[in-house]
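Participant: Just passing along the structure, written as structure tokens.
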Amino acid sequence: MLLYATLTLLAVVFIVPFLWVVSTSLKGNEQIFAVPPRWIPETFHFENYATIFERMPFLLYLRNSLFVTGLSIIGIVGSSSLVAYAFACLRWPGRDTFFLIILATMMLPMQVTMIPVFVLFKELGWLNTFKPLVVPAFFGGGAFNIFLLRQFFLGIPRDLADAARIDGCSEFRIYWNIMLPLAKPALATVAILTFMFSWNDFLGPLIYLSDKMKGTLALGLSMFVGQYATEWALLMAASVLMMIPMILLFFFFQRYFIQGFTMSGIKG
Amino acid sequence: MNPHDPPYRFWTGRRKEGLLGYTFASPWLLGFIVFGLYPMVMSLYYSMSRYDVLRIPEFIGVRNFSTLLFDDPYFWNAVWNTLFYTLLRTPLAIAGSLFIAVLVNNAVRGVRWFRTVYFLPSIVGGVVLSVLWLWIFNPEYGLLNAFLNLVGIKGPLWLQSPEWSKPSLVLMSLWSIGGGRMIVFLAALQNVPPELYEVVDLDGGGWWRKFYHVTLPMISPVLFLWFIIEVIFGFQVFTEAYVMTKGGPLNSTMFYNLYLYYKAFDDFDMGYASALAWLLLLLSLVITLAQFKIGRFWVYYESERK
């Protein structure tokens, strides 16, 4: 029917760039500059991928990206859940005003804070380290994540926490032993979204990492583009390599990606 | 009991809960002060100074702003580029995501698979996206022009043409209309009460009636929110321009954020860049307020009864 035709046509349109990239990555230079272009390379140049590892410290960048992203996830999941707990489960003066402030900060263009934060990190001597990319994650973990988790915590019945309180349980233990385990789906979503944001982050590494050895994958690829501007096969191969972790993550944890956006759509 | 103990406990009940609230929220409170409030105040101060990071800021009043507004053609070029990009992209992106959401909102077999395919482009990330499309947009050997050639059209120079560079970037961003935004719209669509559609059926209305008179009003709050979000994000476009065109050709993709970046981290003219940042904040506020004003005419809220 018409619906399937449209769906399929769109699917083809969306997928074609991916196929094109992979196809190019396996070509030799003569085939790349062939007109009209061919989809299936005459000879498969798998060695293009090996060349990447020679021309770029790919594994080093991979390790750096994993380090920054991993720590960011820990920081963001930990601190945003703590803060969300405060907003959802505790009463304290100014709470609702502060929550409005959190919502307002989501609308703030980051340029307004970018420069002074840079200066701050410079004064601390943290330039050219990973600290500026990781430490802020431990301070609240982003307005959106706090918002998401707060909504989730609000959906958990009070009775569980109240029963624990009557039994003399400390708030922290309620948070740690009751709320967090129940919030696993939401926490997983926050973790996945944080991974995506941190893994693909470009401006952060650009302004804070000047040492070639400290680059993340995002930064590494952009430097690669500068160096090998017309070696399209290599560029495509590097891009494919960089896409793989995100695509794998997506295929395994698709549910949490989707969930994250569905949950945020619930008007609170 | 120790005779020095207070006659009652201070930290109990509401006071204790209040203290605990602040304790749990302290990461954000601290973060807000250190990475939010303080920088905002400082950037306002920098915007009124000459500051190159090496020496202390030198207060010069509104000179940065007056230079920006009256003496800097690059500034107005950046504003124009960014507005053009944002105003072109936003309606297309929202309409596109809505279209996909409506399509996917059919419980046909395999729709999950389609949804996955549509979502995929949105996760590759800015740099990878830029590199990919740099190749796709290549005028001689890229995919786009090859395809256009097939149907007998000679394709433009895309990113290498001052007229086509911005539309190219908009086109590229449309590749990811099946992403998170679409999922949010899908959820909104699924929250529309089916009874409303039944009413249209009873009245003999078709799909257009249903869409225009039921769907659109019911999801208008979500659409409204996303118009605001997309404009704000549109103003922050950076990575694509930096990686693909470096602001060219002929400064046609010198976006606001890119210009700011060059001023701050190439010229180290932090004062000027901070002035740019604050003007952007003002511009964002004005545009958001305008959207709220206009919103009153087209956004429908369930809770309002006329």
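We name chains A, B, ... following the order of the structure tokens; residues begin at 1 in each chain, and ligands are numbered from 1 as shown.
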Which residues come within 12 Å of range 114-127 of chain A, counting only C-alpha atoms, excluding same-chain residues fewer than 6 positions away, as an MDAnalysis selection string?
Facilitator: (chainID A and resid 108 133:136 203:211 214) or (chainID B and resid 31:47 51:57 257 260:261 263:265 268:278)
Participant: Would you write out those residues with C-alpha atoms, as a CSV table (one decimal), in the first residue's frame?
Facilitator:
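Contents of selection_3.csv, as written:
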```csv
chain,number,residue,atom,x,y,z
A,108,LEU,CA,20.4,29.7,28.0
A,133,LEU,CA,35.4,18.1,30.4
A,134,VAL,CA,34.8,15.8,33.3
A,135,VAL,CA,34.5,17.8,36.5
A,136,PRO,CA,31.4,19.9,35.7
A,203,LEU,CA,33.6,22.3,21.1
A,204,GLY,CA,34.6,21.2,24.6
A,205,PRO,CA,37.7,19.2,23.5
A,206,LEU,CA,38.4,21.9,20.9
A,207,ILE,CA,38.9,24.6,23.4
A,208,TYR,CA,40.4,22.7,26.3
A,209,LEU,CA,42.7,20.1,24.7
A,210,SER,CA,45.6,21.4,22.7
A,211,ASP,CA,47.9,18.5,23.0
A,214,LYS,CA,45.1,14.2,24.5
B,31,GLY,CA,27.5,24.0,40.0
B,32,PHE,CA,24.9,26.7,39.3
B,33,ILE,CA,26.9,29.3,41.2
B,34,VAL,CA,30.3,28.3,39.8
B,35,PHE,CA,29.4,27.4,36.2
B,36,GLY,CA,26.3,29.5,35.9
B,37,LEU,CA,25.8,32.7,37.9
B,38,TYR,CA,29.5,33.6,38.3
B,39,PRO,CA,30.3,33.2,34.6
B,40,MET,CA,27.3,35.2,33.6
B,41,VAL,CA,28.2,38.1,35.7
B,42,MET,CA,31.9,37.8,34.7
B,43,SER,CA,31.0,37.7,31.0
B,44,LEU,CA,29.0,40.8,31.4
B,45,TYR,CA,32.0,42.5,33.0
B,46,TYR,CA,34.3,41.2,30.2
B,47,SER,CA,31.9,42.4,27.6
B,51,TYR,CA,40.6,41.4,27.9
B,52,ASP,CA,43.1,39.1,26.2
B,53,VAL,CA,43.4,36.6,29.1
B,54,LEU,CA,47.1,37.5,29.6
B,55,ARG,CA,46.6,40.8,31.3
B,56,ILE,CA,43.8,41.8,33.6
B,57,PRO,CA,40.6,43.1,32.0
B,257,ASN,CA,28.8,31.1,17.3
B,260,LEU,CA,32.4,34.4,18.6
B,261,TYR,CA,34.7,31.4,18.7
B,263,LYS,CA,37.1,36.3,18.3
B,264,ALA,CA,37.7,34.5,21.6
B,265,PHE,CA,40.1,31.7,20.7
B,268,PHE,CA,41.9,36.3,22.1
B,269,ASP,CA,39.6,39.3,22.1
B,270,MET,CA,37.6,38.0,25.1
B,271,GLY,CA,35.9,41.3,25.7
B,272,TYR,CA,34.5,41.5,22.3
B,273,ALA,CA,33.5,37.9,22.3
B,274,SER,CA,31.7,38.4,25.6
B,275,ALA,CA,29.9,41.3,24.1
B,276,LEU,CA,28.8,39.0,21.3
B,277,ALA,CA,27.6,36.5,23.8
B,278,TRP,CA,25.5,38.9,25.7
```
Participant: When you look at Phe33 in chain A with a cut-off of 12 Å (counting only C-alpha atoms), what residues show up, excluding the ones that are within fewer than 2 positions of it in the same chain? I need them as a PyMOL selection string.
Facilitator: (chain A and resi 24+27-31+35-38+41+230-233) or (chain B and resi 135+138-143+146)
Participant: Output N, CA and C atoms for every residue in that selection, as a PDB file, in the first residue's frame.
Facilitator:
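Listing of result_32.pdb after writing:
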```pdb
ATOM      1  N   THR A  24      32.537   4.046  -0.111  1.00  0.00           N
ATOM      2  CA  THR A  24      33.712   4.866  -0.389  1.00  0.00           C
ATOM      3  C   THR A  24      34.909   4.418   0.423  1.00  0.00           C
ATOM      4  N   LYS A  27      37.123   1.833  -1.190  1.00  0.00           N
ATOM      5  CA  LYS A  27      37.593   2.021  -2.556  1.00  0.00           C
ATOM      6  C   LYS A  27      39.038   2.485  -2.597  1.00  0.00           C
ATOM      7  N   GLY A  28      39.640   2.274  -3.734  1.00  0.00           N
ATOM      8  CA  GLY A  28      40.948   2.860  -3.975  1.00  0.00           C
ATOM      9  C   GLY A  28      40.719   4.205  -4.645  1.00  0.00           C
ATOM     10  N   ASN A  29      41.742   5.034  -4.680  1.00  0.00           N
ATOM     11  CA  ASN A  29      41.558   6.404  -5.159  1.00  0.00           C
ATOM     12  C   ASN A  29      41.014   6.509  -6.570  1.00  0.00           C
ATOM     13  N   GLU A  30      41.425   5.588  -7.433  1.00  0.00           N
ATOM     14  CA  GLU A  30      40.953   5.680  -8.818  1.00  0.00           C
ATOM     15  C   GLU A  30      39.444   5.510  -8.872  1.00  0.00           C
ATOM     16  N   GLN A  31      38.938   4.616  -8.033  1.00  0.00           N
ATOM     17  CA  GLN A  31      37.505   4.353  -8.074  1.00  0.00           C
ATOM     18  C   GLN A  31      36.699   5.490  -7.474  1.00  0.00           C
ATOM     19  N   VAL A  35      33.558   8.720 -12.526  1.00  0.00           N
ATOM     20  CA  VAL A  35      32.242   9.300 -12.796  1.00  0.00           C
ATOM     21  C   VAL A  35      31.586   8.487 -13.897  1.00  0.00           C
ATOM     22  N   PRO A  36      30.371   7.986 -13.803  1.00  0.00           N
ATOM     23  CA  PRO A  36      29.543   8.046 -12.597  1.00  0.00           C
ATOM     24  C   PRO A  36      30.032   7.107 -11.503  1.00  0.00           C
ATOM     25  N   PRO A  37      29.753   7.407 -10.276  1.00  0.00           N
ATOM     26  CA  PRO A  37      30.293   6.604  -9.178  1.00  0.00           C
ATOM     27  C   PRO A  37      29.650   5.227  -9.109  1.00  0.00           C
ATOM     28  N   ARG A  38      30.419   4.264  -8.669  1.00  0.00           N
ATOM     29  CA  ARG A  38      29.905   2.917  -8.544  1.00  0.00           C
ATOM     30  C   ARG A  38      29.669   2.610  -7.074  1.00  0.00           C
ATOM     31  N   PRO A  41      32.652  -1.443  -4.858  1.00  0.00           N
ATOM     32  CA  PRO A  41      34.024  -1.229  -5.346  1.00  0.00           C
ATOM     33  C   PRO A  41      34.497  -2.421  -6.163  1.00  0.00           C
ATOM     34  N   THR A 230      41.754  15.453   0.956  1.00  0.00           N
ATOM     35  CA  THR A 230      41.150  14.863  -0.238  1.00  0.00           C
ATOM     36  C   THR A 230      41.231  13.355  -0.271  1.00  0.00           C
ATOM     37  N   GLU A 231      41.752  12.777   0.795  1.00  0.00           N
ATOM     38  CA  GLU A 231      41.827  11.312   0.784  1.00  0.00           C
ATOM     39  C   GLU A 231      40.525  10.753   1.323  1.00  0.00           C
ATOM     40  N   TRP A 232      39.520  10.796   0.445  1.00  0.00           N
ATOM     41  CA  TRP A 232      38.171  10.498   0.869  1.00  0.00           C
ATOM     42  C   TRP A 232      38.011   9.092   1.411  1.00  0.00           C
ATOM     43  N   ALA A 233      38.715   8.155   0.844  1.00  0.00           N
ATOM     44  CA  ALA A 233      38.577   6.786   1.336  1.00  0.00           C
ATOM     45  C   ALA A 233      38.977   6.714   2.803  1.00  0.00           C
TER      46      ALA A 233
ATOM     47  N   TRP B 135      31.652  14.871   1.951  1.00  0.00           N
ATOM     48  CA  TRP B 135      31.855  14.007   0.807  1.00  0.00           C
ATOM     49  C   TRP B 135      30.594  13.920  -0.051  1.00  0.00           C
ATOM     50  N   ASN B 138      30.250  16.860  -2.255  1.00  0.00           N
ATOM     51  CA  ASN B 138      31.325  17.144  -3.203  1.00  0.00           C
ATOM     52  C   ASN B 138      30.755  17.343  -4.613  1.00  0.00           C
ATOM     53  N   PRO B 139      31.043  18.491  -5.238  1.00  0.00           N
ATOM     54  CA  PRO B 139      30.364  18.797  -6.502  1.00  0.00           C
ATOM     55  C   PRO B 139      30.711  17.851  -7.641  1.00  0.00           C
ATOM     56  N   GLU B 140      31.966  17.350  -7.666  1.00  0.00           N
ATOM     57  CA  GLU B 140      32.342  16.502  -8.800  1.00  0.00           C
ATOM     58  C   GLU B 140      32.045  15.037  -8.565  1.00  0.00           C
ATOM     59  N   TYR B 141      32.347  14.565  -7.344  1.00  0.00           N
ATOM     60  CA  TYR B 141      32.293  13.121  -7.141  1.00  0.00           C
ATOM     61  C   TYR B 141      31.316  12.690  -6.064  1.00  0.00           C
ATOM     62  N   GLY B 142      30.605  13.647  -5.507  1.00  0.00           N
ATOM     63  CA  GLY B 142      29.755  13.301  -4.377  1.00  0.00           C
ATOM     64  C   GLY B 142      28.433  12.680  -4.800  1.00  0.00           C
ATOM     65  N   LEU B 143      27.786  12.103  -3.809  1.00  0.00           N
ATOM     66  CA  LEU B 143      26.566  11.343  -4.029  1.00  0.00           C
ATOM     67  C   LEU B 143      25.438  12.200  -4.581  1.00  0.00           C
ATOM     68  N   ALA B 146      25.872  13.236  -8.171  1.00  0.00           N
ATOM     69  CA  ALA B 146      25.807  12.021  -8.989  1.00  0.00           C
ATOM     70  C   ALA B 146      24.351  11.636  -9.210  1.00  0.00           C
TER      71      ALA B 146
END
```
Participant: Taking into account only C-alpha atoms, which residue in the set B:Leu258, B:Ser173, B:Thr82, B:Met218 is nearest to Ala187 in chain B?
Facilitator: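 Looking at the shortest contact to Ala187 in chain B, the residue is B:Met218.
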Participant: Skip Leu160 in chain A itself and residues of its chain fewer than 6 positions away, then list as a PyMOL selection string all residues within 10 Å of it, counting only C-alpha atoms.
Facilitator: chain A and resi 174+178-179
Participant: According to DSSP computed on the backbone, where in range 19-246 of chain B is there alpha helix (DSSP H)? Give the residues as a VMD selection string.
Facilitator: chain B and resid 19 to 32 38 to 47 63 to 71 73 to 104 111 to 119 126 to 136 143 to 150 165 to 174 180 to 190 194 to 202 207 to 209 216 to 234 239 to 240
Participant: Range 240-255 of chain B: which residues within 7 Å, counting only C-alpha atoms, same-chain residues fewer than 5 positions away excluded, as a CSV table (one decimal) with N, CA and C atoms, in the first residue's frame?
Facilitator:
```
chain,number,residue,atom,x,y,z
A,222,SER,N,38.4,15.6,13.3
A,222,SER,CA,38.4,16.9,12.7
A,222,SER,C,39.9,17.2,12.3
B,78,ALA,N,27.2,37.8,10.4
B,78,ALA,CA,27.0,36.6,11.2
B,78,ALA,C,25.5,36.5,11.7
B,81,ASN,N,23.5,35.4,8.7
B,81,ASN,CA,23.7,34.0,8.4
B,81,ASN,C,23.0,33.1,9.4
B,82,THR,N,23.1,33.5,10.6
B,82,THR,CA,22.4,32.6,11.7
B,82,THR,C,20.9,32.7,11.6
B,126,GLY,N,28.2,15.4,15.5
B,126,GLY,CA,28.5,16.5,14.7
B,126,GLY,C,29.7,16.4,13.7
B,127,VAL,N,30.8,15.9,14.3
B,127,VAL,CA,32.0,15.8,13.4
B,127,VAL,C,31.8,14.7,12.3
B,130,SER,N,29.5,15.9,9.7
B,130,SER,CA,30.2,16.9,8.9
B,130,SER,C,31.1,16.2,7.8
B,134,LEU,N,30.4,16.3,3.9
B,134,LEU,CA,31.4,17.0,3.1
B,134,LEU,C,31.6,16.2,1.8
B,160,GLN,N,30.6,24.8,-1.7
B,160,GLN,CA,31.6,25.7,-2.2
B,160,GLN,C,30.9,26.9,-2.9
B,161,SER,N,29.6,27.0,-2.8
B,161,SER,CA,28.9,28.1,-3.4
B,161,SER,C,28.4,29.0,-2.3
B,162,PRO,N,28.6,30.3,-2.4
B,162,PRO,CA,28.1,31.2,-1.3
B,162,PRO,C,26.6,31.2,-1.2
B,165,SER,N,25.6,27.4,0.3
B,165,SER,CA,26.3,26.8,1.5
B,165,SER,C,25.3,26.7,2.6
B,166,LYS,N,24.6,27.7,2.9
B,166,LYS,CA,23.6,27.6,4.1
B,166,LYS,C,22.5,26.6,3.8
```
Participant: So that I can check the surroundings of Thr6 in chain A, please list as a list in words every protein, DNA and RNA residue that reaches within 12 Å of it, counting only C-alpha atoms and ignoring chain neighbours fewer than 6 positions away.
Facilitator: Val12 and Val13 of chain A; Phe99, Ile100, Val102, Leu103, Val104, Val111 and Phe114 of chain B
Participant: Figure out the distance between CA of Leu225 in chain B and CA of Val79 in chain B, please, to one decimal in Å.
Facilitator: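 Answer for the CA of Val79 in chain B to CA of Leu225 in chain B separation: 23.0 Å.
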Participant: Would you mind reading off the distance between CA of Asp72 in chain B and CA of Phe238 in chain B, one decimal, in Å?
Facilitator: 20.4 Å
Participant: Excluding Leu148 in chain A and its own-chain neighbours fewer than 3 positions away, which residues fall within 10 Å of it when counting only C-alpha atoms? Please give them as a ChimeraX atom specification.
Facilitator: /A:80-81,84,143-145,151-153,186-187,189-190,260-261,263-266,268
Participant: Would you mind exporting N, CA and C atoms of the selected residues as a tab-separated table (two decimals), in the first residue's frame?
Facilitator:
```tsv
chain	number	residue	atom	x	y	z
A	80	SER	N	23.04	14.06	39.10
A	80	SER	CA	21.69	14.46	38.70
A	80	SER	C	20.65	13.65	39.46
A	81	SER	N	20.96	12.42	39.83
A	81	SER	CA	19.97	11.64	40.59
A	81	SER	C	19.86	12.18	42.02
A	84	ALA	N	17.90	15.39	41.65
A	84	ALA	CA	16.50	15.10	41.32
A	84	ALA	C	15.76	14.58	42.54
A	143	ALA	N	20.68	20.22	33.33
A	143	ALA	CA	19.29	20.51	33.68
A	143	ALA	C	18.34	19.46	33.14
A	144	PHE	N	18.56	19.04	31.92
A	144	PHE	CA	17.64	18.08	31.31
A	144	PHE	C	17.60	16.78	32.09
A	145	ASN	N	18.77	16.32	32.52
A	145	ASN	CA	18.83	15.06	33.25
A	145	ASN	C	18.14	15.17	34.60
A	151	GLN	N	11.03	13.88	37.23
A	151	GLN	CA	9.72	13.39	36.78
A	151	GLN	C	9.55	11.93	37.14
A	152	PHE	N	10.63	11.17	36.95
A	152	PHE	CA	10.54	9.74	37.24
A	152	PHE	C	10.35	9.49	38.72
A	153	PHE	N	11.13	10.17	39.55
A	153	PHE	CA	11.01	9.99	41.00
A	153	PHE	C	9.60	10.37	41.46
A	186	ALA	N	15.25	4.93	34.07
A	186	ALA	CA	15.53	6.35	33.85
A	186	ALA	C	17.04	6.61	33.93
A	187	LEU	N	17.71	5.95	34.85
A	187	LEU	CA	19.16	6.13	34.98
A	187	LEU	C	19.86	5.63	33.73
A	189	THR	N	18.65	5.59	30.77
A	189	THR	CA	18.42	6.59	29.73
A	189	THR	C	19.37	7.77	29.88
A	190	VAL	N	19.50	8.26	31.10
A	190	VAL	CA	20.42	9.38	31.33
A	190	VAL	C	21.83	8.98	30.92
A	260	GLY	N	14.07	7.91	26.62
A	260	GLY	CA	14.51	9.22	27.09
A	260	GLY	C	13.69	10.33	26.48
A	261	PHE	N	13.41	10.20	25.20
A	261	PHE	CA	12.67	11.26	24.55
A	261	PHE	C	11.18	11.16	24.83
A	263	MET	N	9.87	10.08	27.63
A	263	MET	CA	9.67	10.54	29.00
A	263	MET	C	9.70	12.05	29.09
A	264	SER	N	10.58	12.65	28.31
A	264	SER	CA	10.68	14.10	28.41
A	264	SER	C	9.47	14.76	27.79
A	265	GLY	N	8.75	13.99	26.98
A	265	GLY	CA	7.58	14.57	26.33
A	265	GLY	C	6.38	14.65	27.24
A	266	ILE	N	6.44	13.94	28.34
A	266	ILE	CA	5.31	13.96	29.26
A	266	ILE	C	5.27	15.30	29.96
A	268	GLY	N	5.00	17.93	32.48
A	268	GLY	CA	5.07	17.84	33.93
A	268	GLY	C	4.44	19.02	34.64
```
Participant: Excluding Ser72 in chain A and its own-chain neighbours fewer than 6 positions away, which residues fall within 10 Å of it when counting only C-alpha atoms? Please give them as a list in words.
Facilitator: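 Once the adjacent positions are removed, what remains is Leu66, Gly78, Leu133, Val134, Val135, Pro136, Ala137, Phe138, Gly141, Ala191, Thr194, Phe195, Phe197, Ser198 and Trp199 of chain A.
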Participant: So which one's closest to chain A, B:Lys154, B:Arg50, B:Lys293, B:Arg15? Using only C-alpha atoms, please.
Facilitator: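 Under the stated criterion, the closest residue is B:Arg15.
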Participant: Rank A:Pro57, A:Pro109, A:Gly155, A:Gly75 by their smallest atom-to-atom distance to Leu219 in chain A, using only C-alpha atoms, and report the top residue only.
Facilitator: A:Pro57
Participant: Interatomic distance between CA of Leu289 in chain B and CA of Leu30 in chain B?
Facilitator: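 Between CA of Leu289 in chain B and CA of Leu30 in chain B the gap works out to 29.0 Å.
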